[in-house]
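Have a look at final_26.txt; it's compact mmCIF, C-alpha atoms:
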# COMPACT_ATOMS: atom_id res chain seq x y z
CA MET A 1336 102.76 107.85 150.81
CA ALA A 1337 101.33 104.99 152.84
CA GLY A 1338 98.83 102.83 151.06
CA THR A 1339 96.60 99.83 151.43
CA PRO A 1340 97.61 96.86 149.25
CA ALA A 1341 95.15 95.10 147.00
CA ASN A 1342 93.30 92.25 148.66
CA ALA A 1343 91.34 89.34 147.30
CA ALA A 1344 87.99 90.61 148.57
CA ASP A 1345 87.75 93.91 146.75
CA ASP A 1346 91.06 94.25 144.84
CA VAL A 1347 91.57 97.90 145.79
CA VAL A 1348 94.81 99.82 146.18
CA LYS A 1349 94.38 103.17 147.94
CA SER A 1350 96.09 105.72 150.11
CA ASP A 1351 95.26 105.67 153.82
CA ASN A 1352 93.55 109.06 153.70
CA ILE A 1353 90.64 108.14 151.41
CA ARG A 1354 87.73 105.75 151.82
CA LEU A 1355 84.77 104.56 149.81
CA GLU A 1356 81.60 105.72 151.57
CA ALA A 1357 78.96 104.30 149.22
CA HIS A 1358 78.50 102.43 145.97
CA LEU A 1359 75.45 101.82 143.81
CA ASP A 1360 75.52 99.50 140.81
CA LEU A 1361 74.42 100.68 137.37
CA PRO A 1362 70.60 100.96 137.27
CA ALA A 1363 68.70 98.43 135.20
CA GLY A 1364 68.90 99.39 131.53
CA ALA A 1365 71.82 101.79 131.95
CA ALA A 1366 75.02 101.21 130.00
CA VAL A 1367 78.42 102.95 130.12
CA ASN A 1368 78.24 105.64 132.78
CA SER A 1369 79.62 108.98 131.57
CA ASP A 1370 79.61 112.49 133.04
CA LEU A 1371 78.05 114.02 136.18
CA ALA A 1372 76.44 117.29 137.28
CA PHE A 1373 75.15 118.43 140.68
CA GLN A 1374 72.46 120.72 142.00
CA GLY A 1375 71.29 120.97 145.59
CA ASP A 1376 70.81 117.48 147.00
CA TYR A 1377 70.90 115.76 143.61
CA ALA A 1378 73.48 114.23 141.32
CA TYR A 1379 72.78 113.67 137.62
CA VAL A 1380 74.72 110.87 135.93
CA GLY A 1381 74.70 110.33 132.19
CA ASN A 1382 75.01 106.96 130.53
CA PHE A 1383 74.90 105.85 126.91
CA ASN A 1384 71.27 104.74 127.30
CA GLY A 1385 70.02 107.86 129.12
CA PHE A 1386 70.62 109.36 132.57
CA SER A 1387 70.00 108.74 136.26
CA ILE A 1388 69.13 111.07 139.13
CA TYR A 1389 70.38 110.35 142.66
CA ASN A 1390 69.40 111.95 145.96
CA ILE A 1391 72.69 112.67 147.75
CA ARG A 1392 71.29 114.52 150.79
CA ASN A 1393 73.02 111.80 152.80
CA PRO A 1394 76.19 111.14 150.78
CA LYS A 1395 76.86 107.94 152.72
CA SER A 1396 73.53 106.53 151.57
CA PRO A 1397 72.68 107.89 148.09
CA GLN A 1398 69.31 106.90 146.68
CA LEU A 1399 68.35 106.36 143.05
CA VAL A 1400 65.39 108.66 142.30
CA SER A 1401 64.85 107.87 138.64
CA SER A 1402 66.56 106.35 135.63
CA VAL A 1403 65.54 107.71 132.23
CA SER A 1404 65.86 105.63 129.07
CA CYS A 1405 66.78 107.82 126.10
CA PRO A 1406 69.63 106.19 124.16
CA GLY A 1407 72.38 108.15 122.45
CA GLY A 1408 75.95 108.36 123.76
CA GLN A 1409 77.88 110.02 125.27
CA MET A 1410 75.13 111.69 127.26
CA ASP A 1411 77.20 114.45 128.86
CA VAL A 1412 74.94 116.26 131.33
CA THR A 1413 74.65 119.81 132.69
CA ILE A 1414 71.97 121.28 134.95
CA LEU A 1415 70.67 124.83 135.48
CA GLY A 1416 67.35 125.67 137.09
CA ASP A 1417 64.96 122.91 136.12
CA LEU A 1418 66.70 122.19 132.82
CA LEU A 1419 69.01 119.26 132.18
CA VAL A 1420 70.97 119.41 128.92
CA THR A 1421 72.34 116.16 127.46
CA SER A 1422 74.72 115.42 124.58
CA VAL A 1423 74.14 112.93 121.77
CA ASP A 1424 77.07 112.05 119.51
CA SER A 1425 75.52 108.88 118.18
CA SER A 1426 73.76 109.16 114.83
CA ARG A 1427 70.06 108.28 115.31
CA ASN A 1428 67.08 107.85 113.00
CA ASN A 1429 65.27 110.68 114.87
CA ASP A 1430 65.54 112.82 118.00
CA SER A 1431 63.13 110.81 120.16
CA CYS A 1432 63.90 108.59 123.15
CA GLN A 1433 62.72 105.65 121.04
CA SER A 1434 65.25 106.33 118.30
CA THR A 1435 67.55 103.69 116.86
CA PRO A 1436 71.05 103.95 115.38
CA GLN A 1437 71.21 105.19 111.80
CA SER A 1438 74.24 106.06 109.71
CA ALA A 1439 75.35 109.69 109.52
CA THR A 1440 75.48 109.20 105.74
CA VAL A 1441 71.67 109.51 105.79
CA LYS A 1442 70.66 113.17 105.62
CA GLU A 1443 67.64 112.64 107.88
CA SER A 1444 69.74 111.22 110.73
CA TRP A 1445 69.88 113.22 113.95
CA GLU A 1446 72.55 114.13 116.51
CA GLY A 1447 72.80 117.09 118.88
CA VAL A 1448 71.51 118.09 122.32
CA ARG A 1449 68.35 117.12 124.17
CA ILE A 1450 66.82 119.25 126.92
CA PHE A 1451 64.76 117.83 129.79
CA ASP A 1452 62.66 119.50 132.48
CA VAL A 1453 63.65 117.80 135.75
CA SER A 1454 61.47 119.81 138.13
CA ASP A 1455 59.83 116.48 138.93
CA LYS A 1456 62.87 114.35 139.68
CA ARG A 1457 60.89 111.13 139.51
CA ASN A 1458 59.40 111.95 136.12
CA PRO A 1459 61.73 114.09 133.97
CA ARG A 1460 60.05 115.50 130.87
CA TYR A 1461 61.68 115.72 127.43
CA VAL A 1462 61.27 119.32 126.23
CA LYS A 1463 63.37 120.02 123.17
CA SER A 1464 66.12 118.81 120.87
CA VAL A 1465 68.53 120.92 118.85
CA GLU A 1466 70.45 119.32 115.98
CA THR A 1467 74.08 120.36 115.63
CA ASN A 1468 76.74 119.66 113.02
CA CYS A 1469 78.57 116.41 113.78
CA GLY A 1470 76.40 115.91 116.85
CA SER A 1471 77.39 116.83 120.40
CA HIS A 1472 80.32 114.84 121.73
CA THR A 1473 80.45 117.12 124.75
CA HIS A 1474 78.80 120.39 125.69
CA THR A 1475 79.41 123.23 128.12
CA LEU A 1476 76.79 125.34 129.84
CA VAL A 1477 77.69 129.05 129.51
CA PRO A 1478 75.86 131.70 131.57
CA ALA A 1479 74.83 134.81 129.68
CA ARG A 1480 76.39 138.12 130.72
CA GLY A 1481 74.85 140.60 133.15
CA ARG A 1482 71.08 140.73 133.53
CA ASP A 1483 70.64 138.39 130.58
CA ALA A 1484 71.81 135.56 132.85
CA ARG A 1485 68.29 135.53 134.34
CA LYS A 1486 66.70 135.20 130.92
CA PHE A 1487 68.71 132.58 129.06
CA PHE A 1488 71.92 130.61 128.90
CA TYR A 1489 74.14 129.29 126.14
CA VAL A 1490 75.43 125.81 125.37
CA TYR A 1491 78.77 125.43 123.62
CA VAL A 1492 78.66 122.20 121.63
CA SER A 1493 81.92 120.43 120.83
CA SER A 1494 81.99 117.84 118.05
CA TYR A 1495 84.40 116.44 115.50
CA LEU A 1496 85.10 113.60 113.03
CA PRO A 1497 83.66 115.15 109.85
CA ALA A 1498 83.49 113.14 106.65
CA ALA A 1499 82.73 114.01 103.04
CA ASN A 1500 79.87 111.48 102.96
CA PHE A 1501 78.18 112.90 106.11
CA PRO A 1502 75.66 115.53 104.90
CA ASP A 1503 75.45 117.21 108.32
CA CYS A 1504 79.10 116.85 109.27
CA GLN A 1505 81.19 118.18 106.41
CA PRO A 1506 84.93 118.84 106.61
CA PRO A 1507 86.81 120.87 107.60
CA HIS A 1508 84.46 121.49 110.57
CA ASP A 1509 86.81 123.93 112.31
CA LYS A 1510 83.98 125.30 114.44
CA ILE A 1511 81.78 124.84 117.46
CA SER A 1512 77.99 125.20 117.71
CA VAL A 1513 76.30 127.70 120.04
CA VAL A 1514 72.78 126.97 121.30
CA LYS A 1515 70.69 129.56 123.15
CA VAL A 1516 68.17 128.33 125.75
CA PRO A 1517 65.52 130.69 127.22
CA PHE A 1518 64.52 129.81 130.78
CA ALA A 1519 60.90 130.87 130.29
CA ASP A 1520 60.46 128.87 127.09
CA PRO A 1521 63.09 126.12 126.77
CA ALA A 1522 61.13 124.65 123.86
CA ALA A 1523 62.33 127.70 121.91
CA ALA A 1524 65.98 126.70 122.31
CA SER A 1525 67.81 127.12 119.02
CA LEU A 1526 71.15 127.14 117.27
CA VAL A 1527 72.29 130.78 117.11
CA SER A 1528 75.81 130.56 115.68
CA THR A 1529 78.52 128.22 114.44
CA PRO A 1530 81.70 130.27 114.89
CA VAL A 1531 84.79 129.06 113.06
CA VAL A 1532 87.44 128.94 115.78
CA PHE A 1533 90.28 127.59 113.63
CA PRO A 1534 90.25 129.60 110.39
CA ASP A 1535 93.74 128.27 109.61
CA GLY A 1536 92.65 124.66 110.14
CA GLY A 1537 94.41 124.10 113.47
CA ASN A 1538 97.10 121.53 114.18
CA GLU A 1539 96.80 118.85 111.52
CA THR A 1540 100.35 117.65 110.83
CA GLN A 1541 102.02 116.95 114.19
CA PRO A 1542 103.38 113.39 114.32
CA GLY A 1543 101.60 111.20 116.83
CA LEU A 1544 98.24 112.98 116.82
CA LEU A 1545 95.30 110.67 117.38
CA LEU A 1546 93.24 112.96 115.14
CA PRO A 1547 93.98 116.33 113.52
CA THR A 1548 92.17 119.38 114.85
CA SER A 1549 88.62 119.69 113.54
CA GLY A 1550 86.64 121.63 116.10
CA CYS A 1551 87.07 120.87 119.81
CA HIS A 1552 86.65 117.88 122.07
CA ASP A 1553 85.72 119.81 125.21
CA ILE A 1554 85.51 123.39 126.46
CA THR A 1555 85.63 124.71 130.03
CA VAL A 1556 84.43 128.25 130.69
CA TYR A 1557 85.32 130.67 133.48
CA ALA A 1558 82.39 132.97 132.85
CA GLU A 1559 83.28 135.66 135.41
CA LYS A 1560 86.55 136.23 133.60
CA ASP A 1561 85.02 135.89 130.11
CA LEU A 1562 87.47 133.10 129.37
CA ALA A 1563 87.20 129.55 128.11
CA ALA A 1564 89.82 126.82 127.76
CA GLY A 1565 89.42 124.60 124.73
CA ALA A 1566 90.87 121.12 124.43
CA CYS A 1567 90.72 120.89 120.68
CA MET A 1568 92.23 117.61 119.56
CA GLY A 1569 95.58 118.92 118.28
CA ASP A 1570 95.49 122.30 120.03
CA GLY A 1571 95.10 123.76 123.50
CA VAL A 1572 93.46 127.19 123.36
CA ILE A 1573 92.15 130.02 125.48
CA PHE A 1574 89.05 131.75 124.15
CA ASP A 1575 87.86 135.28 124.80
CA ILE A 1576 84.09 134.80 125.32
CA ARG A 1577 82.98 138.37 126.02
CA ASP A 1578 80.78 137.93 122.96
CA ARG A 1579 79.20 134.65 124.01
CA GLU A 1580 77.95 133.87 120.51
CA ARG A 1581 81.31 134.51 118.86
CA PRO A 1582 84.20 133.19 120.97
CA ARG A 1583 87.62 133.94 119.55
CA ILE A 1584 91.05 132.51 120.26
CA LYS A 1585 93.17 134.54 122.67
CA ALA A 1586 96.05 132.09 123.24
CA ARG A 1587 96.99 128.83 121.62
CA THR A 1588 99.59 126.11 122.02
CA THR A 1589 100.55 122.60 120.90
CA ASP A 1590 102.56 119.90 122.65
CA PRO A 1591 104.72 117.22 121.00
CA ASN A 1592 103.78 114.75 123.76
CA PHE A 1593 100.03 115.23 123.38
CA ALA A 1594 98.11 112.89 121.10
CA PHE A 1595 94.61 114.24 121.81
CA TRP A 1596 93.78 117.41 123.77
CA HIS A 1597 90.78 116.14 125.73
CA SER A 1598 89.69 118.46 128.55
CA ALA A 1599 90.71 121.47 130.62
CA THR A 1600 90.42 122.77 134.19
CA PHE A 1601 91.21 126.30 135.36
CA ASN A 1602 92.58 126.90 138.84
CA ASN A 1603 90.45 129.09 141.12
CA ASP A 1604 92.33 132.27 140.17
CA GLY A 1605 91.91 131.55 136.47
CA ASP A 1606 95.61 132.02 135.74
CA LYS A 1607 96.47 128.34 135.26
CA VAL A 1608 94.98 125.58 133.13
CA VAL A 1609 95.39 121.83 133.45
CA PHE A 1610 94.94 120.21 130.03
CA THR A 1611 94.57 116.43 129.66
CA ASP A 1612 95.90 114.19 126.90
CA GLU A 1613 93.60 111.24 126.10
CA LEU A 1614 96.28 109.08 124.53
CA GLY A 1615 94.66 105.98 123.08
CA GLY A 1616 91.21 107.55 123.09
CA GLY A 1617 90.38 106.24 126.56
CA VAL A 1618 90.09 102.61 125.48
CA GLU A 1619 93.71 101.49 125.68
CA ALA A 1620 96.14 100.62 128.47
CA MET A 1621 98.26 103.77 128.61
CA CYS A 1622 99.46 103.63 132.23
CA THR A 1623 101.65 100.55 131.97
CA THR A 1624 105.39 100.49 132.58
CA ALA A 1625 105.87 100.56 128.80
CA GLN A 1626 104.33 104.04 128.51
CA ALA A 1627 106.30 107.25 128.93
CA PRO A 1628 105.38 109.35 132.02
CA ASN A 1629 104.79 112.43 129.87
CA ARG A 1630 102.27 110.80 127.55
CA GLY A 1631 98.60 110.31 128.39
CA ALA A 1632 99.23 112.83 131.15
CA ASP A 1633 98.15 116.25 132.34
CA ALA A 1634 100.03 119.34 131.24
CA ILE A 1635 100.01 122.37 133.55
CA TYR A 1636 100.10 125.75 131.87
CA GLU A 1637 100.19 129.26 133.29
CA LEU A 1638 98.18 131.88 131.45
CA ARG A 1639 100.18 135.05 130.92
CA GLY A 1640 98.29 137.54 128.82
CA HIS A 1641 98.05 136.05 125.36
CA ARG A 1642 100.43 133.18 126.08
CA LEU A 1643 100.09 129.71 127.55
CA VAL A 1644 103.36 128.90 129.32
CA PHE A 1645 104.07 125.20 129.91
CA LYS A 1646 105.28 124.30 133.40
CA SER A 1647 105.15 120.52 133.90
CA TYR A 1648 103.38 117.19 133.38
CA TYR A 1649 101.50 115.08 135.89
CA LYS A 1650 100.66 111.39 135.57
CA ILE A 1651 99.76 108.78 138.17
CA SER A 1652 102.78 106.82 139.28
CA ARG A 1653 101.08 103.44 139.83
CA PRO A 1654 101.61 101.15 136.81
CA GLN A 1655 98.40 99.57 135.60
CA THR A 1656 98.00 96.23 133.86
CA ASP A 1657 97.53 95.57 130.16
CA GLN A 1658 93.90 94.77 130.99
CA GLU A 1659 93.11 98.29 132.26
CA ASN A 1660 92.21 101.22 130.02
CA CYS A 1661 93.93 104.16 131.68
CA VAL A 1662 94.69 107.75 130.74
CA ALA A 1663 94.05 111.26 132.11
CA HIS A 1664 90.34 112.12 132.15
CA ASN A 1665 87.76 114.38 133.85
CA GLY A 1666 88.20 116.09 137.22
CA SER A 1667 87.44 119.20 139.25
CA LEU A 1668 88.97 121.49 141.86
CA LEU A 1669 88.76 121.13 145.61
CA PRO A 1670 87.99 124.54 147.18
CA VAL A 1671 91.10 124.83 149.35
CA LYS A 1672 92.11 128.44 150.03
CA GLY A 1673 95.50 129.38 148.65
CA ARG A 1674 96.08 125.98 147.03
CA ASP A 1675 95.48 124.49 143.58
CA ILE A 1676 94.19 120.97 144.24
CA MET A 1677 92.01 118.79 142.05
CA VAL A 1678 90.57 115.30 141.94
CA GLN A 1679 90.80 113.51 138.62
CA ALA A 1680 89.56 110.33 136.98
CA TRP A 1681 92.01 107.97 135.26
CA TYR A 1682 89.56 105.36 133.97
CA GLN A 1683 90.78 102.00 135.37
CA GLY A 1684 93.72 103.85 136.91
CA GLY A 1685 91.20 104.98 139.52
CA LEU A 1686 91.20 108.51 140.88
CA SER A 1687 93.95 110.83 142.05
CA VAL A 1688 93.79 113.89 144.32
CA TRP A 1689 96.77 116.05 143.50
CA ASP A 1690 98.25 119.49 144.20
CA PHE A 1691 99.56 121.78 141.43
CA THR A 1692 100.04 124.92 143.53
CA ASP A 1693 103.68 124.76 142.47
CA SER A 1694 103.07 124.45 138.75
CA SER A 1695 106.48 122.92 138.18
CA ARG A 1696 106.23 120.30 140.93
CA PRO A 1697 102.78 118.70 141.13
CA LYS A 1698 102.34 116.06 143.81
CA GLU A 1699 99.75 113.48 144.73
CA ILE A 1700 97.75 113.71 147.96
CA ALA A 1701 95.43 110.68 147.74
CA PHE A 1702 94.42 107.88 145.39
CA TYR A 1703 91.86 105.11 145.03
CA ASP A 1704 92.39 102.38 142.46
CA ARG A 1705 90.37 99.22 141.89
CA GLY A 1706 91.75 96.25 140.03
CA PRO A 1707 90.78 95.49 136.44
CA VAL A 1708 87.13 94.94 135.57
CA ASP A 1709 88.22 91.75 133.83
CA PRO A 1710 91.75 90.50 134.64
CA SER A 1711 91.73 88.25 131.58
CA GLN A 1712 91.11 90.91 128.92
CA LEU A 1713 90.93 94.65 128.29
CA VAL A 1714 87.35 95.88 128.60
CA LEU A 1715 86.10 99.45 128.99
CA GLY A 1716 85.73 100.48 132.61
CA GLY A 1717 86.93 102.73 135.41
CA TYR A 1718 86.13 106.30 136.36
CA TRP A 1719 84.86 108.52 133.56
CA SER A 1720 84.58 111.51 135.88
CA THR A 1721 85.40 112.22 139.53
CA TYR A 1722 84.23 115.54 140.96
CA TYR A 1723 84.35 117.14 144.41
CA TYR A 1724 81.03 118.47 145.68
CA ASN A 1725 80.23 119.66 149.20
CA GLY A 1726 82.69 117.56 151.13
CA TYR A 1727 82.69 114.37 149.06
CA ILE A 1728 84.13 112.97 145.85
CA TYR A 1729 81.59 111.48 143.47
CA GLY A 1730 82.67 109.05 140.79
CA SER A 1731 80.92 107.90 137.65
CA GLU A 1732 82.29 104.40 137.16
CA ILE A 1733 81.74 103.26 133.58
CA ALA A 1734 81.06 99.59 134.20
CA ARG A 1735 80.36 99.42 137.94
CA GLY A 1736 78.08 102.36 138.77
CA PHE A 1737 78.08 105.36 141.13
CA ASP A 1738 80.63 105.89 143.93
CA VAL A 1739 80.91 108.30 146.85
CA LEU A 1740 84.31 108.74 148.49
CA LYS A 1741 85.75 110.85 151.28
CA VAL A 1742 89.27 112.21 151.53
CA ASP A 1743 90.51 113.04 155.05
CA ASP A 1744 93.74 115.02 154.94
CA ARG A 1745 94.93 118.23 156.57
CA ARG A 1746 95.79 119.58 153.12
CA THR A 1747 92.22 119.24 151.86
CA ASN A 1748 89.89 119.24 154.88
CA SER A 1749 89.26 123.00 154.78
CA ALA A 1750 87.32 122.37 151.54
CA ASN A 1751 84.59 120.72 153.61
CA ARG A 1752 83.43 124.15 154.82
CA VAL A 1753 82.64 125.41 151.30
CA ARG A 1754 79.09 124.62 150.19
CA LEU A 1755 77.80 124.95 146.65
CA SER A 1756 74.27 124.80 145.29
CA LEU A 1757 75.40 123.93 141.75
CA LEU A 1758 78.30 122.21 140.03
CA ASN A 1759 78.75 121.75 136.30
CA ALA A 1760 82.45 120.94 136.27
CA GLN A 1761 83.08 122.56 132.86
CA THR A 1762 81.37 125.78 133.99
CA GLN A 1763 83.77 127.18 136.54
CA SER A 1764 83.38 130.18 138.81
CA ARG A 1765 85.33 131.53 141.76
CA TYR A 1766 84.64 129.59 144.91
CA PRO A 1767 82.72 131.56 147.55
CA GLU A 1768 84.94 133.13 150.20
CA ARG A 1769 82.34 132.13 152.78
CA GLY A 1770 83.65 129.07 154.56
CA TRP A 1771 87.30 129.91 153.91

Any chance you could put this one into structure tokens?
Amino acid sequence: MAGTPANAADDVVKSDNIRLEAHLDLPAGAAVNSDLAFQGDYAYVGNFNGFSIYNIRNPKSPQLVSSVSCPGGQMDVTILGDLLVTSVDSSRNNDSCQSTPQSATVKESWEGVRIFDVSDKRNPRYVKSVETNCGSHTHTLVPARGRDARKFFYVYVSSYLPAANFPDCQPPHDKISVVKVPFADPAAASLVSTPVVFPDGGNETQPGLLLPTSGCHDITVYAEKDLAAGACMGDGVIFDIRDRERPRIKARTTDPNFAFWHSATFNNDGDKVVFTDELGGGVEAMCTTAQAPNRGADAIYELRGHRLVFKSYYKISRPQTDQENCVAHNGSLLPVKGRDIMVQAWYQGGLSVWDFTDSSRPKEIAFYDRGPVDPSQLVLGGYWSTYYYNGYIYGSEIARGFDVLKVDDRRTNSANRVRLSLLNAQTQSRYPERGW
């Protein structure tokens, strides 16, 4: 594939079929950009000090609408109606936006989810917090079934790292937390269940695991099919979520090359899952020539009844430096009819647009890769998440800010005709046929 070499001005290596359309630096007071969500003409970007709202009506000229200070990482974000849900996996002395760090060994410490009313984009209003065991490292918005979808929604909270001296995060913690949020009265949001999803303890003994299974790191739901894919530290699982408050494991697998099952993406038909391995926890240089191509990679599985069938690995082929944290991270599908194509973040490895239609032979279509944030030392940076939304790729760059990119390729351009009004990347649904 043809590419543009790095140059002294911007130190970017990229394929010829992708371009950066816009960039905005981190807003004042923001620190460590994290995940994104989209609704209408707005993008919501979490950061460890709060979240920002951007107007993306003109993707080539995004505008910062507001930046909310409410510290507590990681600040995963999802949006539905006027409600923005955020994750806090940072033990605080209370649930307020003025809270300060406090050890989880103190019973009164707080972690969990916060809910904001964002009907006024310039002045979001804090509505409710819900405390959850071990906090909320990530969360997934889950629509209720049938007519109930108009009344309320669920939030699946993923958390881990229990300890005997943490009163609200006791081992073995082989569970997730389920929060129910009524649209009419979000202040009544509450914890409704804590289903144990690994009654046997999960994968705890495999050599090379970053951490043994204790709950999940992230969950992606395909609500129409009543399925969810769980990336659960030592295990990759498929959940049956017909009973939204009591998900149960339908299929389960492990992988000797995976150190930490991090996230999952279904294809549009819901019969494949791309799982990511966050080797090194996202803070180490895992895309150097010294690293094996099957580690810190994606694994493509086909879902066949109650079995996950491994097909192949995918990892970016461009070696990164020792000063660049790099490993597979968050991405989303491009709505291309008849093809399985996604864009994916690789931290300081940049982003990759790749095709896994042939599960056994994935191939890259486009890439965009900046040089290291600091060429003299390894510092945290790069894309946390890159998602495709209504014709453009949006990137949450940890250290640099908010990016908008455009891919122009015959293999992906048909996706430009598909328009969505909502995108929470971990809440998948079938793309509308309209536009295909």

Tell me which protein, DNA and RNA residues are within 10 Å of Arg1769 in chain A, counting all atoms listed in the file, leaving out same-chain ones fewer than 3 positions away, and put them as a PyMOL selection string.
chain A and resi 1752-1754+1766

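Residue nearest Pro1628 in chain A, chosen from A:Ile1353, A:Leu1614, A:Ala1519, A:Ala1564 and counting only C-alpha atoms: A:Leu1614.
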
List as a PyMOL selection string the protein and nucleic acid residues near Ala1566 in chain A, meaning an atom at most 10 Å away when all atoms listed in the file are counted, but skip any in the same chain fewer than 3 places from it.
chain A and resi 1493+1548+1550-1555+1563+1569-1573+1595-1600+1610-1612

Would you mind telling me which residue in A:Ile1584, A:Pro1497, A:Asp1690, A:Glu1446 lies nearest to Val1531 in chain A when using all atoms listed in the file?
A:Ile1584

Could you list, with a cut-off of 10 Å and counting all atoms listed in the file, the residues of range 1518-1586 of chain A near range 1485-1491 of chain A, each shown with its nearest atom pair and the distance in Å rounded to one decimal, rows sorted by chain and ascending number, as a Markdown table?
| residue | atom | partner | partner_atom | distance |
| --- | --- | --- | --- | --- |
| A:Phe1518 | CA | A:Phe1487 | CA | 5.3 |
| A:Ala1519 | CA | A:Lys1486 | CA | 7.3 |
| A:Asp1520 | CA | A:Phe1487 | CA | 9.3 |
| A:Pro1521 | CA | A:Phe1487 | CA | 8.9 |
| A:Ala1524 | CA | A:Phe1487 | CA | 9.4 |
| A:Ser1525 | CA | A:Tyr1489 | CA | 9.8 |
| A:Leu1526 | CA | A:Val1490 | CA | 9.3 |
| A:Val1527 | CA | A:Tyr1489 | CA | 9.3 |
| A:Ser1528 | CA | A:Tyr1491 | CA | 9.9 |
| A:Thr1529 | CA | A:Tyr1491 | CA | 9.6 |
| A:Asp1553 | CA | A:Tyr1491 | CA | 9.1 |
| A:Ile1554 | CA | A:Tyr1491 | CA | 7.6 |
| A:Thr1555 | CA | A:Tyr1491 | CA | 9.4 |
| A:Val1556 | CA | A:Tyr1491 | CA | 9.5 |
| A:Arg1579 | CA | A:Tyr1489 | CA | 7.7 |
| A:Glu1580 | CA | A:Tyr1489 | CA | 8.2 |
| A:Pro1582 | CA | A:Tyr1491 | CA | 9.8 |

Find the spatial neighbours of Ala1750 in chain A, counting all atoms listed in the file, within a cut-off of 7 Å - ignore same-chain residues fewer than 4 positions away - and output them as a list in words.
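Those residues are Leu1669, Pro1670, Val1671 and Gly1726 of chain A.
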
Enclose the full set of atoms of range 1572-1576 of chain A listed in the file within a box whose edges lie along x, y and z, apply 3 Å of padding to each of the six sides, and report centre and edge lengths in Å to one decimal as JSON.
{"center_x": 88.8, "center_y": 131.2, "center_z": 124.4, "size_x": 15.4, "size_y": 14.1, "size_z": 8.1}

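For the choices A:Gly1416, A:Pro1459, A:Pro1406, A:Pro1397, the atom-to-atom distance to Asn1428 in chain A is smallest for A:Pro1406 when using all atoms listed in the file.
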
Within 10 Å of Leu1399 in chain A using all atoms listed in the file, minus same-chain residues under 5 positions, as number ranges by chain:
A: 1359, 1362, 1377-1378, 1387-1391, 1457, 1737

Those selected residues, please, written with C-alpha atoms and delivered as a PDB file, keeping the file's coordinate frame.
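Output (part.pdb):
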ATOM      1  CA  LEU A1359      75.450 101.820 143.810  1.00  0.00           C
ATOM      2  CA  PRO A1362      70.600 100.960 137.270  1.00  0.00           C
ATOM      3  CA  TYR A1377      70.900 115.760 143.610  1.00  0.00           C
ATOM      4  CA  ALA A1378      73.480 114.230 141.320  1.00  0.00           C
ATOM      5  CA  SER A1387      70.000 108.740 136.260  1.00  0.00           C
ATOM      6  CA  ILE A1388      69.130 111.070 139.130  1.00  0.00           C
ATOM      7  CA  TYR A1389      70.380 110.350 142.660  1.00  0.00           C
ATOM      8  CA  ASN A1390      69.400 111.950 145.960  1.00  0.00           C
ATOM      9  CA  ILE A1391      72.690 112.670 147.750  1.00  0.00           C
ATOM     10  CA  ARG A1457      60.890 111.130 139.510  1.00  0.00           C
ATOM     11  CA  PHE A1737      78.080 105.360 141.130  1.00  0.00           C
TER      12      PHE A1737
END

d(CA of Ser1512 in chain A, CA of Val1477 in chain A) in Å
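Spanning CA of Ser1512 in chain A to CA of Val1477 in chain A is a straight-line distance of 12.4 Å.
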
Could you give me, as a list in words, the residues within 8 Å of Lys1607 in chain A, counting all atoms listed in the file and dropping anything in the same chain fewer than 4 positions from it?
Phe1601, Asn1602, Ile1635, Tyr1636, Glu1637 and Leu1638 of chain A
